[in-house]
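Printed here is query_1.pdb (PDB, C-alpha atoms):
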```pdb
ATOM      1  CA  MET U  10      58.420 -77.840 -23.539
ATOM      2  CA  LEU U  11      55.021 -78.934 -24.823
ATOM      3  CA  ALA U  12      56.636 -79.560 -28.210
ATOM      4  CA  GLY U  13      59.215 -81.825 -26.560
ATOM      5  CA  GLU U  14      62.018 -79.283 -26.584
ATOM      6  CA  GLU U  15      64.463 -78.404 -23.813
ATOM      7  CA  VAL U  16      63.968 -74.969 -22.282
ATOM      8  CA  SER U  17      66.264 -72.620 -20.354
ATOM      9  CA  TYR U  18      65.160 -69.327 -18.850
ATOM     10  CA  ARG U  19      66.902 -66.754 -16.689
ATOM     11  CA  GLY U  20      64.776 -63.937 -15.276
ATOM     12  CA  PRO U  21      64.772 -61.659 -12.228
ATOM     13  CA  VAL U  22      62.450 -63.965 -10.258
ATOM     14  CA  PHE U  23      62.556 -67.417 -11.857
ATOM     15  CA  ARG U  24      65.414 -69.343 -13.439
ATOM     16  CA  VAL U  25      65.590 -72.789 -14.999
ATOM     17  CA  ALA U  26      68.232 -74.560 -17.060
ATOM     18  CA  GLY U  27      67.678 -77.468 -19.427
ATOM     19  CA  ALA U  28      64.120 -78.235 -18.339
ATOM     20  CA  ARG U  29      62.053 -80.684 -20.323
ATOM     21  CA  LEU U  30      58.942 -82.741 -19.743
ATOM     22  CA  GLY U  31      59.307 -86.363 -18.715
ATOM     23  CA  TYR U  32      56.332 -87.413 -20.830
ATOM     24  CA  ARG U  33      54.886 -86.747 -24.265
ATOM     25  CA  PRO U  34      51.998 -84.242 -24.130
ATOM     26  CA  PRO U  35      48.804 -85.277 -25.943
ATOM     27  CA  ARG U  36      49.305 -82.355 -28.334
ATOM     28  CA  PRO U  37      52.204 -79.932 -28.921
ATOM     29  CA  ASP U  38      49.961 -76.893 -29.442
ATOM     30  CA  MET U  39      48.290 -77.071 -26.038
ATOM     31  CA  PRO U  40      46.293 -73.864 -25.432
ATOM     32  CA  ILE U  41      47.524 -71.743 -22.526
ATOM     33  CA  TYR U  42      44.897 -70.072 -20.339
ATOM     34  CA  ILE U  43      45.580 -67.349 -17.762
ATOM     35  CA  ALA U  44      43.562 -66.964 -14.561
ATOM     36  CA  ALA U  45      43.368 -63.165 -14.395
ATOM     37  CA  VAL U  46      41.548 -60.717 -12.117
ATOM     38  CA  GLY U  47      42.800 -57.123 -12.347
ATOM     39  CA  ASP U  48      42.697 -54.964 -15.455
ATOM     40  CA  SER U  49      46.437 -55.259 -16.145
ATOM     41  CA  SER U  50      46.406 -59.053 -15.963
ATOM     42  CA  LEU U  51      43.284 -59.178 -18.142
ATOM     43  CA  ARG U  52      45.047 -57.094 -20.794
ATOM     44  CA  LEU U  53      48.121 -59.312 -20.563
ATOM     45  CA  CYS U  54      45.912 -62.358 -21.013
ATOM     46  CA  ALA U  55      44.415 -60.857 -24.172
ATOM     47  CA  GLN U  56      47.881 -60.149 -25.567
ATOM     48  CA  LEU U  57      49.540 -63.474 -24.788
ATOM     49  CA  ALA U  58      47.169 -66.280 -23.861
ATOM     50  CA  ASP U  59      44.715 -68.532 -25.657
ATOM     51  CA  GLY U  60      41.999 -68.065 -23.072
ATOM     52  CA  LEU U  61      40.894 -66.548 -19.776
ATOM     53  CA  ILE U  62      39.851 -68.343 -16.585
ATOM     54  CA  ILE U  63      37.442 -66.455 -14.312
ATOM     55  CA  SER U  64      37.403 -67.715 -10.747
ATOM     56  CA  ASN U  65      34.538 -68.696  -8.489
ATOM     57  CA  LEU U  66      32.865 -65.782  -6.688
ATOM     58  CA  SER U  67      33.027 -63.470  -9.682
ATOM     59  CA  PRO U  68      29.545 -62.069 -10.379
ATOM     60  CA  LEU U  69      28.087 -61.757 -13.839
ATOM     61  CA  GLY U  70      28.745 -58.015 -13.935
ATOM     62  CA  TYR U  71      32.441 -58.622 -13.400
ATOM     63  CA  SER U  72      32.488 -61.305 -16.098
ATOM     64  CA  GLU U  73      30.914 -58.940 -18.607
ATOM     65  CA  ARG U  74      33.476 -56.259 -17.824
ATOM     66  CA  ALA U  75      36.389 -58.727 -18.013
ATOM     67  CA  VAL U  76      35.218 -60.035 -21.387
ATOM     68  CA  GLY U  77      34.987 -56.455 -22.631
ATOM     69  CA  ILE U  78      38.584 -55.734 -21.619
ATOM     70  CA  LEU U  79      39.726 -59.002 -23.173
ATOM     71  CA  ARG U  80      38.025 -58.323 -26.503
ATOM     72  CA  GLU U  81      39.097 -54.687 -26.791
ATOM     73  CA  THR U  82      42.731 -55.445 -25.927
ATOM     74  CA  ALA U  83      42.818 -58.372 -28.360
ATOM     75  CA  ARG U  84      41.364 -56.151 -31.084
ATOM     76  CA  ARG U  85      44.055 -53.527 -30.542
ATOM     77  CA  ALA U  86      46.735 -56.223 -30.593
ATOM     78  CA  GLY U  87      45.375 -57.697 -33.820
ATOM     79  CA  ARG U  88      44.553 -60.970 -32.107
ATOM     80  CA  LYS U  89      41.441 -63.079 -31.835
ATOM     81  CA  PRO U  90      40.080 -62.935 -28.266
ATOM     82  CA  GLY U  91      40.579 -66.197 -26.426
ATOM     83  CA  ARG U  92      37.933 -68.468 -24.985
ATOM     84  CA  VAL U  93      36.556 -67.567 -21.552
ATOM     85  CA  VAL U  94      35.993 -70.241 -18.908
ATOM     86  CA  GLN U  95      34.259 -69.407 -15.633
ATOM     87  CA  TYR U  96      33.948 -71.460 -12.452
ATOM     88  CA  VAL U  97      30.566 -71.277 -10.690
ATOM     89  CA  PRO U  98      29.078 -73.265  -7.764
ATOM     90  CA  CYS U  99      25.845 -74.983  -8.804
ATOM     91  CA  ALA U 100      22.913 -76.508  -6.910
ATOM     92  CA  VAL U 101      20.106 -78.249  -8.802
ATOM     93  CA  ARG U 102      16.999 -79.460  -6.996
ATOM     94  CA  PRO U 103      13.317 -80.022  -7.872
ATOM     95  CA  ARG U 104      12.438 -77.269  -5.383
ATOM     96  CA  ARG U 105      14.005 -73.863  -6.012
ATOM     97  CA  GLU U 106      14.267 -72.866  -2.350
ATOM     98  CA  GLU U 107      16.002 -76.111  -1.430
ATOM     99  CA  ALA U 108      18.629 -75.459  -4.104
ATOM    100  CA  ARG U 109      19.119 -71.888  -2.885
ATOM    101  CA  GLU U 110      19.574 -73.059   0.695
ATOM    102  CA  ILE U 111      22.216 -75.560  -0.439
ATOM    103  CA  ALA U 112      23.959 -72.771  -2.360
ATOM    104  CA  ARG U 113      23.950 -70.500   0.704
ATOM    105  CA  ARG U 114      25.573 -73.182   2.865
ATOM    106  CA  ALA U 115      28.259 -73.748   0.235
ATOM    107  CA  LEU U 116      28.883 -70.051  -0.361
ATOM    108  CA  GLY U 117      29.348 -69.170   3.333
ATOM    109  CA  PRO U 118      32.836 -70.611   3.870
ATOM    110  CA  MET U 119      33.862 -69.787   0.298
ATOM    111  CA  LEU U 120      33.072 -66.108   0.787
ATOM    112  CA  VAL U 121      35.014 -65.946   4.042
ATOM    113  CA  ARG U 122      38.035 -67.649   2.531
ATOM    114  CA  PHE U 123      38.091 -65.627  -0.683
ATOM    115  CA  TRP U 124      37.505 -62.293   1.064
ATOM    116  CA  ARG U 125      40.171 -62.895   3.718
ATOM    117  CA  ASN U 126      42.683 -64.174   1.148
ATOM    118  CA  ALA U 127      42.129 -61.020  -0.890
ATOM    119  CA  GLU U 128      42.999 -58.649   1.965
ATOM    120  CA  GLY U 129      45.223 -55.888   0.602
ATOM    121  CA  ARG U 130      44.319 -56.742  -3.010
ATOM    122  CA  PRO U 131      41.754 -54.170  -4.140
ATOM    123  CA  ALA U 132      41.410 -55.755  -7.591
ATOM    124  CA  ARG U 133      40.285 -59.048  -6.071
ATOM    125  CA  HIS U 134      37.852 -57.404  -3.667
ATOM    126  CA  GLY U 135      36.521 -55.394  -6.588
ATOM    127  CA  ALA U 136      36.066 -58.546  -8.638
ATOM    128  CA  ILE U 137      34.062 -60.116  -5.818
ATOM    129  CA  THR U 138      31.759 -57.141  -5.163
ATOM    130  CA  GLY U 139      31.696 -55.403  -8.546
ATOM    131  CA  GLY U 140      28.515 -56.091 -10.433
ATOM    132  CA  SER U 141      26.988 -57.945  -7.480
ATOM    133  CA  GLY U 142      24.862 -55.087  -6.183
ATOM    134  CA  ILE U 143      26.435 -55.606  -2.741
ATOM    135  CA  GLY U 144      28.678 -52.854  -1.413
ATOM    136  CA  ALA U 145      32.114 -53.614   0.001
ATOM    137  CA  ALA U 146      31.182 -52.502   3.530
ATOM    138  CA  GLU U 147      28.069 -54.679   3.633
ATOM    139  CA  PHE U 148      30.013 -57.573   2.129
ATOM    140  CA  ALA U 149      32.768 -57.264   4.763
ATOM    141  CA  ALA U 150      30.144 -57.143   7.539
ATOM    142  CA  CYS U 151      28.537 -60.343   6.230
ATOM    143  CA  VAL U 152      31.928 -62.042   6.088
ATOM    144  CA  ASP U 153      32.566 -61.066   9.712
ATOM    145  CA  ARG U 154      29.202 -62.550  10.745
ATOM    146  CA  LEU U 155      29.942 -65.783   8.877
ATOM    147  CA  ALA U 156      33.423 -66.005  10.369
ATOM    148  CA  GLY U 157      31.862 -65.456  13.795
ATOM    149  CA  GLY U 158      29.770 -68.577  13.389
ATOM    150  CA  GLU U 159      26.407 -67.295  12.204
ATOM    151  CA  PRO U 160      24.717 -69.703   9.771
ATOM    152  CA  ALA U 161      24.829 -68.774   6.116
ATOM    153  CA  ALA U 162      21.027 -69.006   5.890
ATOM    154  CA  ALA U 163      20.749 -66.118   8.355
ATOM    155  CA  VAL U 164      23.449 -63.977   6.747
ATOM    156  CA  LEU U 165      23.209 -64.448   2.980
ATOM    157  CA  ASP U 166      20.085 -63.277   1.190
ATOM    158  CA  ASP U 167      19.084 -64.045  -2.382
ATOM    159  CA  ARG U 168      21.439 -61.376  -3.756
ATOM    160  CA  PHE U 169      24.426 -63.517  -2.795
ATOM    161  CA  VAL U 170      22.955 -66.600  -4.442
ATOM    162  CA  GLU U 171      22.142 -64.655  -7.608
ATOM    163  CA  ALA U 172      25.606 -63.117  -7.743
ATOM    164  CA  PHE U 173      27.794 -66.069  -6.898
ATOM    165  CA  ALA U 174      25.985 -69.304  -7.747
ATOM    166  CA  ILE U 175      23.693 -71.017 -10.200
ATOM    167  CA  ALA U 176      20.906 -72.504  -8.106
ATOM    168  CA  GLY U 177      17.326 -73.619  -8.541
ATOM    169  CA  THR U 178      15.415 -76.108 -10.621
ATOM    170  CA  ALA U 179      17.148 -77.556 -13.658
ATOM    171  CA  GLU U 180      15.260 -75.086 -15.833
ATOM    172  CA  ASP U 181      16.296 -72.194 -13.571
ATOM    173  CA  CYS U 182      19.919 -73.255 -13.833
ATOM    174  CA  LEU U 183      19.868 -73.535 -17.619
ATOM    175  CA  GLU U 184      18.308 -70.090 -17.883
ATOM    176  CA  ARG U 185      20.958 -68.628 -15.578
ATOM    177  CA  ALA U 186      23.748 -70.392 -17.474
ATOM    178  CA  ALA U 187      22.516 -68.740 -20.665
ATOM    179  CA  SER U 188      23.148 -65.353 -19.018
ATOM    180  CA  TYR U 189      26.856 -66.152 -18.857
ATOM    181  CA  ARG U 190      26.865 -67.051 -22.546
ATOM    182  CA  ARG U 191      25.230 -63.743 -23.387
ATOM    183  CA  VAL U 192      28.066 -61.756 -21.774
ATOM    184  CA  GLY U 193      30.729 -63.783 -23.584
ATOM    185  CA  VAL U 194      31.597 -66.714 -21.307
ATOM    186  CA  GLY U 195      32.205 -69.687 -23.590
ATOM    187  CA  GLU U 196      32.392 -72.453 -21.004
ATOM    188  CA  LEU U 197      31.111 -72.925 -17.454
ATOM    189  CA  ALA U 198      33.001 -75.157 -15.038
ATOM    190  CA  LEU U 199      30.182 -76.009 -12.634
ATOM    191  CA  GLY U 200      31.048 -77.168  -9.134
ATOM    192  CA  PHE U 201      28.016 -79.153  -7.962
ATOM    193  CA  VAL U 202      27.558 -78.465  -4.250
ATOM    194  CA  GLY U 203      25.492 -80.224  -1.629
ATOM    195  CA  PRO U 204      24.704 -83.914  -1.176
ATOM    196  CA  GLU U 205      24.286 -86.294  -4.113
ATOM    197  CA  PRO U 206      25.998 -84.179  -6.781
ATOM    198  CA  GLU U 207      25.579 -87.008  -9.295
ATOM    199  CA  ARG U 208      21.787 -86.653  -9.141
ATOM    200  CA  ALA U 209      22.102 -82.900  -9.653
ATOM    201  CA  ILE U 210      24.202 -83.508 -12.752
ATOM    202  CA  GLU U 211      21.609 -85.992 -14.029
ATOM    203  CA  ARG U 212      18.763 -83.522 -13.476
ATOM    204  CA  LEU U 213      20.581 -80.798 -15.368
ATOM    205  CA  GLY U 214      21.565 -83.180 -18.139
ATOM    206  CA  ARG U 215      17.984 -84.375 -18.647
ATOM    207  CA  ALA U 216      16.692 -80.814 -18.816
ATOM    208  CA  TRP U 217      19.400 -79.859 -21.286
ATOM    209  CA  GLY U 218      18.993 -82.933 -23.473
TER     210      GLY U 218
END
```
How does the structure come out when it is put into structure tokens?
Amino acid sequence: MLAGEEVSYRGPVFRVAGARLGYRPPRPDMPIYIAAVGDSSLRLCAQLADGLIISNLSPLGYSERAVGILRETARRAGRKPGRVVQYVPCAVRPRREEAREIARRALGPMLVRFWRNAEGRPARHGAITGGSGIGAAEFAACVDRLAGGEPAAAVLDDRFVEAFAIAGTAEDCLERAASYRRVGVGELALGFVGPEPERAIERLGRAWG
């Protein structure tokens, strides 16, 4: 379809006949990325896709493990491992504690939503807690407190900020971002949280430049 061709497919779940795009894509060889979580989907990504997308609320330890699975599976398949993109909430402020507080407020509802949506999906719960240093029982108890209305500042300690966000001064954030590069993440999709995200982007850009 990306090459302008007409496509038909008949499978056990999805069927389509004579489908084609109503526009010309900017390039026919558009890379295909898979958002994968569990080990099986990570291996499938390595075998078929051009890259991997790692979701928000995936700690660095999980990212390192996922990249390892991706690279080993690609090696066995005789393929080059694809590029890894990871989404991470980011708060940049002149004062470190202010940035961490902003990150806590943003993480509170995200953690509740992600944890509840992952009910019955052990791979997703494992991706959230694995490598974070926070056990599943403690994590679930914190989610219950947040869902019950307790403020994130009272529930989430620095471990949650370290595991699930990039927050601090611009220099802190650049140093933390480098940790993702070291485990094999090629691109960070930063979601700037809190008020005045444009100023946060400017601060980070000045420190980087």
- Identify all residues satisfying the PyMOL selection byres ((chain U and resi 97-108) around 9) in the given file; provide them as a PyMOL selection string. chain U and resi 64-67+95-96+109-113+115-116+173-179+181-182+197-203+206+208-210+212-213
Output as JSON lines one row per residue of stretch 168-187 of chain U within 9 Å of stretch 120-142 of chain U: the closest atom pair and its distance in Å to one decimal place, counting only C-alpha atoms, sorted by chain and residue number ascending.
```
{"residue": "U:Arg168", "atom": "CA", "partner": "U:Ser141", "partner_atom": "CA", "distance": 7.5}
{"residue": "U:Phe169", "atom": "CA", "partner": "U:Ser141", "partner_atom": "CA", "distance": 7.7}
{"residue": "U:Glu171", "atom": "CA", "partner": "U:Ser141", "partner_atom": "CA", "distance": 8.3}
{"residue": "U:Ala172", "atom": "CA", "partner": "U:Ser141", "partner_atom": "CA", "distance": 5.4}
{"residue": "U:Phe173", "atom": "CA", "partner": "U:Ser141", "partner_atom": "CA", "distance": 8.2}
```
- Item | Selected residue, from U:Pro118, U:Pro21, U:Gly195, U:Pro37, that lies nearest to U:Val164 when counting all atoms listed in the file |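 So, comparing all the options, the nearest one is U:Pro118.
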- Counting all atoms listed in the file, the option among U:Asp166, U:Ile143, U:Glu180, U:Asp153 closest to U:Gly214: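 Result for the nearest residue to U:Gly214: U:Glu180.
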- Task: Convert the output of the PyMOL selection byres ((chain U and resi 11) around 9) on the shown file into explicit residues, formatted as a ChimeraX atom specification.
- Result: /U:10,12-14,29-30,33-39
- atom CA of U:Lys89 sits from atom CA of U:Gly70 at a separation of 22.5 Å
- Task: Pull the neighbourhood of (41.1, -56.0, -22.6) for me: all residues within 10 Å in file coordinates, counting only C-alpha atoms, as a ChimeraX atom specification.
- Result: /U:48-56,74-86,90
Please, what is the axis-aligned box for every listed atom of stretch 61-79 of chain U with 6 Å on each side, as centre and edge lengths in Å to one decimal, as JSON?
```
{"center_x": 34.5, "center_y": -62.2, "center_z": -14.9, "size_x": 24.8, "size_y": 25.0, "size_z": 28.5}
```
- Interatomic distance (Å, one decimal) between atom CA of U:Leu155 and atom CA of U:Leu183: 29.4 Å
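The spacing separating atom CA of U:Ala44 from atom CA of U:Gly60 amounts to 8.7 Å.
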- Can you work out which one of U:Gly27, U:Pro204, U:Pro68, U:Gly158 has the shortest atom-to-atom distance to U:Val170, counting all atoms listed in the file? U:Pro68
- Compare U:Phe23, U:Phe148, U:Tyr18, U:Tyr189 by their minimum atom-to-atom distance to U:Ile63, counting only C-alpha atoms, and give me the closest one.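 Selected residue with least distance to U:Ile63: U:Tyr189.
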- Item | U:Arg190 environment, 12 Å, only C-alpha atoms, sequence neighbours closer than 2 positions dropped, as a VMD selection string | chain U and resid 69 72 to 73 76 92 to 95 183 to 188 192 to 197
